[in-house]
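Text of model.cif, listed as mmCIF, C-alpha atoms and all ligand atoms:
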```cif
data_model
#
loop_
_atom_site.label_atom_id
_atom_site.label_comp_id
_atom_site.auth_asym_id
_atom_site.auth_seq_id
_atom_site.Cartn_x
_atom_site.Cartn_y
_atom_site.Cartn_z
CA MET A 1 -9.68 -26.21 27.24
CA THR A 2 -6.20 -25.39 28.50
CA ILE A 3 -5.08 -21.88 29.36
CA GLN A 4 -1.43 -21.06 29.93
CA ALA A 5 0.04 -17.69 30.89
CA TYR A 6 3.62 -16.54 30.32
CA ARG A 7 4.96 -13.59 32.31
CA SER A 8 7.91 -11.83 30.72
CA CYS A 9 9.05 -8.76 28.87
CA VAL A 10 7.19 -9.20 25.55
CA ALA A 11 7.94 -7.36 22.29
CA HIS A 12 6.29 -7.69 18.89
CA CYS A 13 5.45 -5.59 15.82
CA LEU A 14 1.99 -4.40 14.85
CA ALA A 15 3.25 -3.02 11.52
CA ASP A 16 6.50 -1.88 9.89
CA PRO A 17 8.08 0.65 12.26
CA GLY A 18 10.18 2.11 9.43
CA ASP A 19 13.14 4.20 10.52
CA ASP A 20 11.41 5.42 13.67
CA GLN A 21 13.12 3.69 16.58
CA ASP A 22 10.29 4.69 18.94
CA SER A 23 7.43 3.83 16.60
CA ASP A 24 4.19 2.65 18.21
CA ASN A 25 4.26 -0.14 15.65
CA VAL A 26 6.61 -1.95 18.01
CA GLU A 27 4.57 -2.89 21.06
CA ILE A 28 6.58 -3.62 24.19
CA PHE A 29 5.33 -4.82 27.55
CA PRO A 30 8.30 -4.61 29.96
CA ASP A 31 6.33 -6.74 32.45
CA GLY A 32 3.79 -8.45 30.25
CA VAL A 33 1.62 -11.52 30.24
CA LEU A 34 0.92 -13.63 27.17
CA ILE A 35 -2.14 -15.81 27.53
CA VAL A 36 -2.50 -18.85 25.28
CA GLU A 37 -5.63 -20.88 24.86
CA ASP A 38 -5.95 -23.85 22.53
CA GLY A 39 -2.82 -22.91 20.60
CA ARG A 40 -3.86 -19.33 19.97
CA VAL A 41 -3.10 -15.99 21.59
CA ALA A 42 -6.01 -15.27 23.93
CA ASP A 43 -4.59 -12.03 25.34
CA LEU A 44 -1.44 -9.98 25.70
CA GLY A 45 -0.95 -7.02 27.98
CA PRO A 46 0.62 -5.63 31.14
CA ALA A 47 0.93 -8.09 34.04
CA GLU A 48 -0.74 -5.56 36.29
CA ARG A 49 -3.94 -5.77 34.25
CA LEU A 50 -3.94 -9.43 33.25
CA LEU A 51 -2.67 -11.35 36.29
CA PRO A 52 -5.79 -10.56 38.40
CA THR A 53 -8.04 -11.86 35.61
CA LEU A 54 -6.51 -15.36 35.56
CA GLY A 55 -8.54 -18.20 37.01
CA PRO A 56 -7.12 -20.54 39.67
CA ASP A 57 -6.50 -23.32 37.12
CA CYS A 58 -4.36 -21.18 34.87
CA GLU A 59 -0.68 -22.01 35.10
CA VAL A 60 1.60 -18.95 35.11
CA HIS A 61 5.07 -19.57 33.70
CA ASP A 62 7.51 -17.02 35.03
CA PHE A 63 10.04 -15.78 32.47
CA SER A 64 10.55 -12.41 34.14
CA ASP A 65 14.30 -12.49 33.51
CA ASN A 66 13.82 -13.32 29.85
CA MET A 67 12.16 -11.86 26.79
CA ILE A 68 9.34 -13.28 24.68
CA LEU A 69 9.25 -12.59 20.94
CA PRO A 70 7.11 -14.01 18.14
CA GLY A 71 8.57 -17.06 16.38
CA MET A 72 10.99 -16.15 13.62
CA VAL A 73 10.08 -16.42 9.92
CA ASP A 74 12.67 -17.65 7.41
CA CYS A 75 11.60 -16.71 3.88
CA HIS A 76 14.29 -18.67 2.03
CA ILE A 77 16.19 -21.81 3.00
CA HIS A 78 17.28 -25.09 1.36
CA TYR A 79 16.91 -28.11 3.62
CA PRO A 80 19.02 -30.40 1.37
CA GLN A 81 21.93 -28.00 1.80
CA THR A 82 22.11 -28.45 5.56
CA ASP A 83 25.23 -30.60 5.23
CA ILE A 84 27.15 -28.29 2.87
CA ILE A 85 26.89 -25.14 4.97
CA ALA A 86 30.23 -23.29 5.11
CA SER A 87 31.84 -24.87 2.04
CA TYR A 88 34.92 -22.96 0.95
CA GLY A 89 35.93 -20.85 -1.89
CA THR A 90 33.55 -20.28 -4.78
CA GLN A 91 30.83 -17.97 -6.03
CA LEU A 92 27.32 -19.03 -6.98
CA LEU A 93 27.63 -20.99 -10.24
CA ASP A 94 30.78 -22.91 -9.25
CA TRP A 95 29.40 -23.41 -5.76
CA LEU A 96 26.27 -25.05 -7.21
CA ASN A 97 28.33 -27.47 -9.31
CA THR A 98 31.01 -28.19 -6.72
CA TYR A 99 28.96 -28.59 -3.55
CA THR A 100 25.22 -28.27 -4.04
CA PHE A 101 24.36 -30.64 -6.85
CA PRO A 102 26.38 -33.64 -5.53
CA PHE A 103 24.63 -33.36 -2.17
CA GLU A 104 21.18 -32.84 -3.62
CA ALA A 105 21.69 -36.04 -5.62
CA LYS A 106 21.85 -37.97 -2.33
CA PHE A 107 18.15 -37.22 -1.80
CA ALA A 108 17.30 -39.96 -4.30
CA ASP A 109 17.58 -42.04 -1.12
CA LEU A 110 14.39 -41.52 0.89
CA ASP A 111 16.07 -42.54 4.16
CA TYR A 112 18.70 -39.86 3.71
CA ALA A 113 15.98 -37.30 2.95
CA ARG A 114 14.05 -38.29 6.09
CA GLU A 115 17.09 -38.19 8.33
CA THR A 116 18.09 -34.76 7.00
CA ALA A 117 14.53 -33.45 7.33
CA ARG A 118 14.49 -34.55 10.97
CA PHE A 119 17.72 -32.71 11.73
CA PHE A 120 16.62 -29.67 9.71
CA VAL A 121 13.31 -29.27 11.55
CA GLU A 122 15.06 -29.65 14.91
CA GLU A 123 17.59 -27.02 13.88
CA LEU A 124 14.83 -24.59 12.90
CA LEU A 125 13.26 -25.04 16.33
CA ARG A 126 16.61 -24.73 18.10
CA ASN A 127 17.02 -21.37 16.37
CA GLY A 128 13.53 -20.13 17.17
CA THR A 129 12.26 -20.36 13.61
CA THR A 130 8.60 -21.39 13.55
CA THR A 131 7.79 -20.66 9.89
CA ALA A 132 9.95 -21.28 6.84
CA LEU A 133 9.71 -21.27 3.06
CA VAL A 134 11.90 -24.17 2.01
CA PHE A 135 13.47 -25.60 -1.15
CA ALA A 136 13.51 -29.42 -1.27
CA THR A 137 15.25 -31.23 -4.17
CA VAL A 138 14.03 -32.39 -7.56
CA HIS A 139 12.87 -35.65 -5.92
CA ALA A 140 9.16 -35.45 -5.04
CA HIS A 141 9.71 -37.68 -1.99
CA SER A 142 12.08 -35.07 -0.52
CA VAL A 143 9.01 -32.84 -0.11
CA ASP A 144 7.04 -35.64 1.52
CA ALA A 145 9.90 -36.24 3.96
CA LEU A 146 9.95 -32.58 5.01
CA PHE A 147 6.20 -32.13 5.38
CA GLU A 148 5.94 -35.40 7.33
CA GLU A 149 8.60 -34.20 9.77
CA ALA A 150 7.21 -30.66 10.09
CA SER A 151 3.70 -32.02 10.69
CA LYS A 152 4.94 -33.91 13.75
CA HIS A 153 5.51 -30.51 15.41
CA ASP A 154 2.66 -28.67 13.69
CA LEU A 155 5.33 -26.36 12.30
CA CYS A 156 4.25 -23.89 9.61
CA ILE A 157 6.22 -24.88 6.50
CA ALA A 158 5.90 -23.93 2.86
CA ALA A 159 7.97 -26.06 0.52
CA GLY A 160 8.22 -27.42 -2.96
CA LYS A 161 9.93 -29.86 -5.27
CA VAL A 162 12.68 -28.23 -7.33
CA LEU A 163 11.90 -27.93 -11.05
CA MET A 164 15.08 -28.36 -13.06
CA ASP A 165 15.17 -29.81 -16.59
CA ARG A 166 18.53 -28.58 -17.94
CA HIS A 167 22.03 -27.33 -17.06
CA CYS A 168 22.44 -29.67 -14.14
CA PRO A 169 23.62 -33.27 -13.64
CA GLU A 170 21.49 -35.90 -15.36
CA ASN A 171 20.46 -37.48 -12.05
CA LEU A 172 18.92 -34.19 -10.84
CA ARG A 173 16.89 -33.52 -13.95
CA ASP A 174 13.13 -33.81 -14.36
CA THR A 175 11.18 -32.94 -17.50
CA ALA A 176 8.74 -30.09 -17.96
CA GLU A 177 5.78 -32.46 -17.95
CA GLN A 178 7.06 -34.60 -15.05
CA GLY A 179 7.81 -31.49 -12.99
CA TYR A 180 4.32 -30.17 -13.59
CA ARG A 181 2.65 -33.50 -12.73
CA GLU A 182 4.70 -34.18 -9.61
CA SER A 183 4.20 -30.64 -8.34
CA ARG A 184 0.45 -30.88 -8.92
CA ASP A 185 0.29 -34.21 -7.06
CA LEU A 186 2.23 -32.68 -4.15
CA ILE A 187 -0.15 -29.71 -4.04
CA GLU A 188 -3.10 -32.09 -3.87
CA ARG A 189 -1.37 -34.11 -1.15
CA TRP A 190 -0.03 -31.35 1.07
CA HIS A 191 -1.25 -27.82 0.37
CA ARG A 192 -3.21 -26.46 3.34
CA GLN A 193 -3.07 -29.84 5.08
CA GLY A 194 -2.57 -28.69 8.66
CA ARG A 195 -0.06 -25.85 8.54
CA ASN A 196 1.64 -27.00 5.33
CA HIS A 197 1.69 -24.85 2.22
CA TYR A 198 2.95 -25.75 -1.21
CA ALA A 199 5.39 -23.56 -3.13
CA ILE A 200 5.96 -24.10 -6.86
CA THR A 201 9.77 -24.14 -7.05
CA PRO A 202 11.62 -23.57 -10.32
CA ARG A 203 15.24 -23.44 -9.07
CA PHE A 204 16.14 -20.41 -11.25
CA ALA A 205 15.65 -19.54 -14.90
CA PRO A 206 18.96 -21.01 -16.16
CA THR A 207 18.09 -24.56 -15.03
CA SER A 208 14.63 -24.63 -16.61
CA THR A 209 13.58 -24.65 -20.25
CA LEU A 210 10.98 -22.13 -21.38
CA GLU A 211 8.53 -25.02 -21.56
CA GLN A 212 9.15 -25.91 -17.91
CA LEU A 213 8.73 -22.30 -16.72
CA GLN A 214 5.53 -21.98 -18.74
CA LEU A 215 4.08 -25.18 -17.27
CA ALA A 216 5.02 -23.93 -13.79
CA GLY A 217 3.15 -20.71 -14.62
CA GLN A 218 0.16 -22.72 -15.80
CA LEU A 219 0.17 -24.68 -12.55
CA ALA A 220 0.33 -21.40 -10.61
CA SER A 221 -2.75 -20.13 -12.46
CA GLU A 222 -4.57 -23.37 -11.63
CA TYR A 223 -3.72 -23.00 -7.93
CA PRO A 224 -3.74 -19.24 -7.20
CA ASP A 225 -3.19 -19.58 -3.46
CA VAL A 226 -0.04 -21.69 -3.57
CA MET A 227 3.27 -19.88 -3.24
CA ILE A 228 5.99 -19.65 -5.86
CA GLN A 229 9.67 -19.50 -4.91
CA THR A 230 12.78 -19.06 -7.00
CA HIS A 231 16.07 -17.13 -7.22
CA LEU A 232 16.51 -13.81 -8.98
CA ALA A 233 19.45 -11.53 -9.78
CA GLU A 234 21.80 -12.88 -7.13
CA ASN A 235 25.14 -12.88 -8.94
CA ARG A 236 26.35 -10.97 -12.00
CA SER A 237 27.44 -14.06 -13.96
CA GLU A 238 24.09 -15.68 -13.20
CA VAL A 239 22.24 -12.60 -14.49
CA ASP A 240 24.28 -12.59 -17.73
CA TRP A 241 23.69 -16.30 -18.20
CA ALA A 242 19.93 -16.01 -17.64
CA LEU A 243 19.65 -13.12 -20.11
CA SER A 244 21.63 -15.02 -22.75
CA LEU A 245 19.33 -18.05 -22.40
CA PHE A 246 16.11 -16.01 -22.72
CA PRO A 247 16.91 -13.25 -25.27
CA ASP A 248 13.22 -12.52 -25.86
CA SER A 249 12.56 -11.39 -22.28
CA GLU A 250 13.17 -7.76 -21.38
CA SER A 251 15.02 -8.58 -18.13
CA TYR A 252 15.77 -11.45 -15.74
CA LEU A 253 12.57 -10.69 -13.86
CA GLY A 254 10.83 -10.50 -17.25
CA ILE A 255 11.65 -14.20 -17.84
CA TYR A 256 9.52 -15.14 -14.83
CA LYS A 257 6.86 -12.60 -15.74
CA ASP A 258 6.56 -13.94 -19.28
CA ALA A 259 6.01 -17.43 -17.85
CA GLY A 260 3.25 -16.30 -15.47
CA LEU A 261 5.45 -16.63 -12.38
CA LEU A 262 5.41 -12.99 -11.25
CA ARG A 263 2.44 -12.50 -8.99
CA GLU A 264 1.17 -12.25 -5.43
CA ARG A 265 2.73 -15.04 -3.32
CA SER A 266 5.84 -15.20 -5.55
CA VAL A 267 8.92 -14.98 -3.34
CA PHE A 268 12.15 -14.07 -5.12
CA ALA A 269 15.37 -14.71 -3.23
CA HIS A 270 18.22 -12.17 -3.36
CA CYS A 271 17.16 -9.50 -5.92
CA ILE A 272 20.49 -7.72 -5.68
CA HIS A 273 20.97 -6.71 -9.30
CA LEU A 274 17.61 -5.16 -10.16
CA ASP A 275 16.89 -1.86 -11.88
CA ASP A 276 14.13 0.65 -11.29
CA HIS A 277 11.80 -0.96 -13.81
CA ASP A 278 12.21 -4.35 -12.11
CA HIS A 279 11.31 -2.78 -8.76
CA GLN A 280 8.22 -1.20 -10.30
CA GLU A 281 7.19 -4.54 -11.79
CA MET A 282 7.72 -6.36 -8.47
CA ALA A 283 5.56 -3.77 -6.72
CA ALA A 284 2.87 -3.74 -9.42
CA HIS A 285 2.48 -7.52 -9.14
CA ASP A 286 2.74 -7.50 -5.33
CA ALA A 287 5.59 -10.03 -5.35
CA SER A 288 7.91 -10.51 -2.38
CA ILE A 289 11.67 -10.49 -1.81
CA ALA A 290 13.72 -12.68 0.54
CA PHE A 291 16.75 -10.68 1.73
CA CYS A 292 19.54 -13.19 2.46
CA PRO A 293 22.51 -11.25 3.84
CA THR A 294 24.71 -14.07 5.19
CA SER A 295 24.50 -15.83 1.83
CA ASN A 296 25.06 -12.65 -0.18
CA LEU A 297 28.25 -11.95 1.75
CA PHE A 298 29.48 -15.55 1.90
CA LEU A 299 29.03 -16.16 -1.85
CA GLY A 300 30.29 -12.66 -2.67
CA SER A 301 27.03 -11.89 -4.47
CA GLY A 302 26.56 -8.24 -3.50
CA LEU A 303 24.63 -5.87 -1.26
CA PHE A 304 20.82 -5.90 -1.20
CA ASP A 305 19.29 -2.42 -1.39
CA LEU A 306 16.53 -2.56 1.21
CA ALA A 307 15.74 1.16 1.06
CA THR A 308 14.90 1.02 -2.64
CA ALA A 309 12.76 -2.10 -2.25
CA ARG A 310 10.86 -0.46 0.61
CA SER A 311 10.46 2.82 -1.25
CA HIS A 312 8.57 0.84 -3.89
CA GLY A 313 6.44 -0.77 -1.20
CA ILE A 314 7.69 -4.27 -1.99
CA ARG A 315 7.17 -6.93 0.68
CA VAL A 316 10.54 -7.99 2.10
CA GLY A 317 11.32 -10.78 4.55
CA LEU A 318 14.59 -12.30 5.75
CA GLY A 319 16.07 -15.54 4.45
CA THR A 320 18.96 -17.53 5.86
CA ASP A 321 19.52 -19.29 2.50
CA VAL A 322 21.34 -22.16 4.19
CA GLY A 323 23.64 -23.64 2.77
CA GLY A 324 24.77 -20.56 0.76
CA GLY A 325 23.89 -18.76 3.97
CA THR A 326 26.03 -19.47 6.99
CA SER A 327 23.57 -19.76 9.87
CA PHE A 328 20.07 -21.00 10.70
CA SER A 329 19.80 -18.16 13.19
CA GLN A 330 17.76 -15.07 12.39
CA PHE A 331 19.95 -13.24 14.90
CA ALA A 332 23.06 -13.98 12.83
CA THR A 333 21.07 -13.02 9.73
CA LEU A 334 20.02 -9.69 11.26
CA ALA A 335 23.59 -8.97 12.31
CA GLU A 336 24.75 -9.31 8.71
CA ALA A 337 21.71 -7.41 7.41
CA TYR A 338 22.70 -4.46 9.55
CA LYS A 339 26.25 -4.51 8.15
CA VAL A 340 25.07 -4.90 4.54
CA LEU A 341 22.87 -1.83 5.01
CA GLN A 342 25.59 0.13 6.81
CA LEU A 343 27.85 -0.36 3.78
CA GLN A 344 25.21 1.42 1.70
CA GLY A 345 24.57 4.30 4.08
CA GLN A 346 21.35 2.64 5.29
CA SER A 347 20.53 1.32 8.72
CA LEU A 348 18.39 -1.15 10.62
CA ASN A 349 17.09 -0.24 14.05
CA SER A 350 15.99 -2.89 16.53
CA GLY A 351 12.27 -2.48 15.82
CA ARG A 352 12.79 -2.80 12.11
CA GLY A 353 15.03 -5.82 12.68
CA LEU A 354 12.32 -7.45 14.75
CA TYR A 355 9.81 -6.60 12.05
CA LEU A 356 11.90 -8.13 9.24
CA ALA A 357 12.45 -11.36 11.18
CA THR A 358 8.79 -11.78 12.17
CA LEU A 359 5.84 -9.80 10.80
CA GLY A 360 7.68 -8.63 7.66
CA GLY A 361 8.41 -12.25 6.79
CA ALA A 362 4.82 -13.24 7.52
CA GLN A 363 3.59 -10.48 5.21
CA ALA A 364 6.05 -11.54 2.50
CA LEU A 365 4.53 -15.03 2.67
CA HIS A 366 0.93 -13.73 2.97
CA LEU A 367 0.57 -15.57 6.27
CA ASP A 368 0.17 -12.52 8.49
CA ASP A 369 -3.46 -13.32 9.25
CA LYS A 370 -2.12 -16.27 11.30
CA ILE A 371 1.46 -15.52 12.35
CA GLY A 372 4.10 -12.78 12.62
CA ASN A 373 3.09 -11.23 15.95
CA LEU A 374 1.19 -12.01 19.14
CA GLN A 375 -2.08 -10.26 18.47
CA LEU A 376 -5.31 -11.79 19.68
CA GLY A 377 -6.31 -14.92 17.77
CA LYS A 378 -2.96 -15.50 16.07
CA ASP A 379 -1.24 -18.87 16.32
CA ALA A 380 0.80 -18.91 19.52
CA ASP A 381 4.23 -19.33 17.91
CA PHE A 382 6.78 -17.68 20.17
CA ILE A 383 10.25 -17.91 21.64
CA VAL A 384 11.66 -17.31 25.08
CA LEU A 385 15.07 -15.64 25.01
CA ASP A 386 17.89 -16.03 27.46
CA LEU A 387 19.37 -12.54 27.34
CA ASP A 388 22.57 -13.70 29.09
CA SER A 389 23.41 -16.63 26.81
CA THR A 390 27.14 -15.82 26.64
CA ALA A 391 29.49 -14.19 29.13
CA LEU A 392 29.87 -11.21 26.82
CA LEU A 393 26.12 -10.74 26.32
CA GLU A 394 25.63 -10.99 30.08
CA ARG A 395 28.13 -8.17 30.52
CA ARG A 396 26.55 -6.14 27.72
CA MET A 397 23.05 -6.60 29.20
CA ALA A 398 24.20 -5.53 32.66
CA HIS A 399 24.40 -1.86 31.68
CA SER A 400 21.57 -1.82 29.12
CA THR A 401 18.76 0.54 30.01
CA SER A 402 16.15 -0.01 27.27
CA VAL A 403 14.38 -2.90 25.61
CA HIS A 404 15.41 -1.55 22.18
CA ASP A 405 19.07 -1.52 23.19
CA ARG A 406 18.81 -5.06 24.54
CA LEU A 407 17.11 -6.22 21.35
CA PHE A 408 19.72 -4.60 19.13
CA ALA A 409 22.60 -6.20 21.04
CA GLN A 410 20.87 -9.59 20.89
CA PHE A 411 20.31 -9.22 17.14
CA THR A 412 23.97 -8.39 16.70
CA MET A 413 25.54 -10.99 18.96
CA ALA A 414 23.14 -13.79 19.86
CA ASP A 415 22.72 -17.18 18.23
CA ASP A 416 20.92 -20.43 19.00
CA ARG A 417 22.29 -20.41 22.55
CA ALA A 418 19.90 -17.52 23.28
CA ILE A 419 16.81 -19.58 22.45
CA LEU A 420 15.68 -20.96 25.79
CA SER A 421 12.54 -22.48 24.34
CA THR A 422 10.42 -22.44 21.21
CA TYR A 423 6.64 -22.76 21.28
CA VAL A 424 4.61 -23.82 18.27
CA LYS A 425 0.86 -23.24 18.53
CA GLY A 426 1.30 -22.97 22.29
CA LYS A 427 3.19 -26.24 22.62
CA ARG A 428 6.83 -26.22 23.69
CA CYS A 429 8.69 -27.95 20.86
CA PHE A 430 12.21 -27.06 21.87
CA GLN A 431 13.83 -26.44 25.21
CA GLN A 432 17.49 -25.85 25.78
CA ALA A 433 19.12 -28.68 27.74
N1 LIG B 1 20.51 -20.11 -7.44
C1 LIG B 1 20.11 -21.27 -7.96
N2 LIG B 1 20.19 -22.26 -7.05
C2 LIG B 1 20.65 -21.70 -5.93
C3 LIG B 1 20.94 -22.22 -4.64
O1 LIG B 1 20.78 -23.41 -4.33
N3 LIG B 1 21.40 -21.32 -3.73
C4 LIG B 1 21.58 -20.01 -4.00
N4 LIG B 1 22.02 -19.18 -3.07
N5 LIG B 1 21.32 -19.51 -5.22
C5 LIG B 1 20.86 -20.34 -6.16
ZN ZN B 2 18.65 -20.10 -2.26
#
```
For this file, write the structure as structure tokens.
Ligand code: GUN
Ligand code: ZN
Amino acid sequence: MTIQAYRSCVAHCLADPGDDQDSDNVEIFPDGVLIVEDGRVADLGPAERLLPTLGPDCEVHDFSDNMILPGMVDCHIHYPQTDIIASYGTQLLDWLNTYTFPFEAKFADLDYARETARFFVEELLRNGTTTALVFATVHAHSVDALFEEASKHDLCIAAGKVLMDRHCPENLRDTAEQGYRESRDLIERWHRQGRNHYAITPRFAPTSTLEQLQLAGQLASEYPDVMIQTHLAENRSEVDWALSLFPDSESYLGIYKDAGLLRERSVFAHCIHLDDHDHQEMAAHDASIAFCPTSNLFLGSGLFDLATARSHGIRVGLGTDVGGGTSFSQFATLAEAYKVLQLQGQSLNSGRGLYLATLGGAQALHLDDKIGNLQLGKDADFIVLDLDSTALLERRMAHSTSVHDRLFAQFTMADDRAILSTYVKGKRCFQQA
């Protein structure tokens, strides 16, 4: 039995702090100790109380100049789009045809899938992300490649094979029956093996026939504890197209509902162009939203209305949406989230930002019994921050007088250079050179 202790300023969320900057739901230990035993949090509290309780064999790692936060949770990302990040000039539907589909076709080659999965997992760790809900491609082996790589680090990954049987290149098309069968086989192979979770993954309504969506819904009813992930109401042309393809559904969200895909553990990316009825339906079915601000700005999709989603009590986590999104970093994502909300007369204080990037994401994925904060018994997924990772941040930190102010400046300006190390189940999986 190994016990490790980490002394540092430690901050995490116990619940959503809402708009209250000083909410008790954000717990901060300015001089804290995090104790990890067998990959789990064994204790967290003030150094003054905990240091005297440690036995002589316990190693104390001193990060007094740093800050420890829970590992970040990315609720929406595409690993096959790693190589097309920052591709110029188009909005969603053209972007898919111009950049996305040609690159996803390369995943027919298992070696390419494996090599990309290796880089992708390393990049998550480099950015302090310890849990992610991930799109693979239509190729079943692209899911195997990702889970194999994630399992090497015991990383918590949910992922699925894309279901897509129309309106895409021939070489990226499955059939309704093949998509169902391959997804079911992947569930049997990977779901709840170690820290892996399966997510049934229809790309979005326009690239699936009604038959494919219905079979996906049937699969979801056969496996109630797997996740579902898809895109919803991201771009106005996409919304119009979806509605024209499914005239019998009452709304874009209604298409998924009619197919049995609106439920607990369904995670809908974007959700920019929703009306009040859609919000009520999302809440009534306890579905979740992935808010993807860097992508929404980069692809010119629109501004996500967080206040309305929250007022309906909908679970919301953050997504990078790489490669529509422009960074793997949840700091960069929070920086853009703040600006997206500012443009709508809303705001995002540091506690709420921390919540969205950690516990909020865990709740959106229904994984908050295991991850999202550093409460007793949770998996010890955490990051150690270098608060002075750039000359400018060093200068900014020099006159900062509160943990909240430091956190807000980090969320606004930091990137992967601020991640000194990333721990997964108590094991250091990334350390800055
Ligand atoms: N809608 C359907 N497919 C995609 C995708 O790959 N990225 C984004 N951002 N939206 C989508
Ligand atoms: Zn996406």
Mind pulling up the distance from CA of Glu238 (chain A) to CA of Leu274 (chain A)?
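Separating CA of Leu274 (chain A) from CA of Glu238 (chain A) is a distance of 12.7 Å.
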With all atoms listed in the file as the counted atoms, please give the residues lying no more than 9 Å from Glu104 (chain A), apart from itself and same-chain residues fewer than 6 positions off, as a PyMOL selection string.
chain A and resi 80-81+136-138+172
Any chance you could export the current selection's C-alpha atoms as a compact mmCIF listing (two decimals), keeping the file's coordinate frame?
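This went into again_13.txt:
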```
# COMPACT_ATOMS: atom_id res chain seq x y z
CA PRO A 80 19.02 -30.40 1.37
CA GLN A 81 21.93 -28.00 1.80
CA ALA A 136 13.51 -29.42 -1.27
CA THR A 137 15.25 -31.23 -4.17
CA VAL A 138 14.03 -32.39 -7.56
CA LEU A 172 18.92 -34.19 -10.84
```
Select, counting only C-alpha atoms, all protein, DNA and RNA residues no farther than 10 Å from (-3.3, -8.4, 28.7) in file coordinates, and express the selection as a CSV table (one decimal) with C-alpha atoms, in the coordinates of the input.
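Once written, point.csv looks like this:
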```csv
chain,number,residue,atom,x,y,z
A,29,PHE,CA,5.3,-4.8,27.6
A,32,GLY,CA,3.8,-8.4,30.2
A,33,VAL,CA,1.6,-11.5,30.2
A,34,LEU,CA,0.9,-13.6,27.2
A,35,ILE,CA,-2.1,-15.8,27.5
A,42,ALA,CA,-6.0,-15.3,23.9
A,43,ASP,CA,-4.6,-12.0,25.3
A,44,LEU,CA,-1.4,-10.0,25.7
A,45,GLY,CA,-1.0,-7.0,28.0
A,46,PRO,CA,0.6,-5.6,31.1
A,47,ALA,CA,0.9,-8.1,34.0
A,48,GLU,CA,-0.7,-5.6,36.3
A,49,ARG,CA,-3.9,-5.8,34.2
A,50,LEU,CA,-3.9,-9.4,33.2
A,51,LEU,CA,-2.7,-11.4,36.3
A,53,THR,CA,-8.0,-11.9,35.6
A,376,LEU,CA,-5.3,-11.8,19.7
```
As an NGL selection string, please: the residues near Asn235 (chain A) (cut-off 12 Å, only C-alpha atoms, same-chain neighbours under 6 positions excluded).
:A and (90-95 or 204 or 241-242 or 252 or 269-274 or 295-304)
Counting all atoms listed in the file, which of A:Arg315, A:His404, A:His78, A:Lys425 gets nearest to ligand LIG 1 (chain B)?
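Closest residue, counting all atoms listed in the file: A:His78.
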Surrounding residues as a PyMOL selection string, ligand LIG 1 (chain B), max 6 Å, all atoms listed in the file
chain A and resi 203-204+231+324
Please provide as a PyMOL selection string all residues within 7 Å of Asn349 (chain A), with the sequence filter that same-chain residues fewer than 2 positions apart are discarded (counting only C-alpha atoms).
chain A and resi 19+21+347+351-353
Could you please take those selected residues and save C-alpha atoms as a PDB file, keeping the file's coordinate frame?
```pdb
ATOM      1  CA  ASP A  19      13.140   4.200  10.520  1.00  0.00           C
ATOM      2  CA  GLN A  21      13.120   3.690  16.580  1.00  0.00           C
ATOM      3  CA  SER A 347      20.530   1.320   8.720  1.00  0.00           C
ATOM      4  CA  GLY A 351      12.270  -2.480  15.820  1.00  0.00           C
ATOM      5  CA  ARG A 352      12.790  -2.800  12.110  1.00  0.00           C
ATOM      6  CA  GLY A 353      15.030  -5.820  12.680  1.00  0.00           C
TER       7      GLY A 353
END
```
Go ahead and compute the interatomic distance for CA of Phe63 (chain A) and CA of Asn25 (chain A), in Å to one decimal.
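If I compute the distance from CA of Phe63 (chain A) to CA of Asn25 (chain A), I get 23.7 Å.
Each of A:Gly319, A:Pro247, A:Gly325, A:Gly426 was checked against Leu356 (chain A) using all atoms listed in the file; the smallest atom-to-atom distance is that of A:Gly319.
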Using only C-alpha atoms and all ligand atoms, can you tell me which of A:Tyr198, A:Tyr338, A:Phe107, A:Tyr79 comes closest to ligand ZN 2 (chain B)?
A:Tyr79
So that I can check the surroundings of Arg417 (chain A), please list as a list in words every protein, DNA and RNA residue that reaches within 8 Å of it, counting only C-alpha atoms and ignoring chain neighbours fewer than 4 positions away.
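With the cut-off at 8 Å, the set is Asp386, Ser389, Thr390 and Gln432 of chain A.
Using only C-alpha atoms and all ligand atoms for every distance, the candidate list A:Leu341, A:Ile187, A:Leu318, A:Ala309 yields A:Leu318 as the residue closest to ligand ZN 2 (chain B).
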Nearby residues, (21.5, -19.2, 9.4) file frame, 10 Å, all atoms listed in the file, as a PyMOL selection string:
chain A and resi 74+77+85+123-124+127+292-295+319-334+415-416
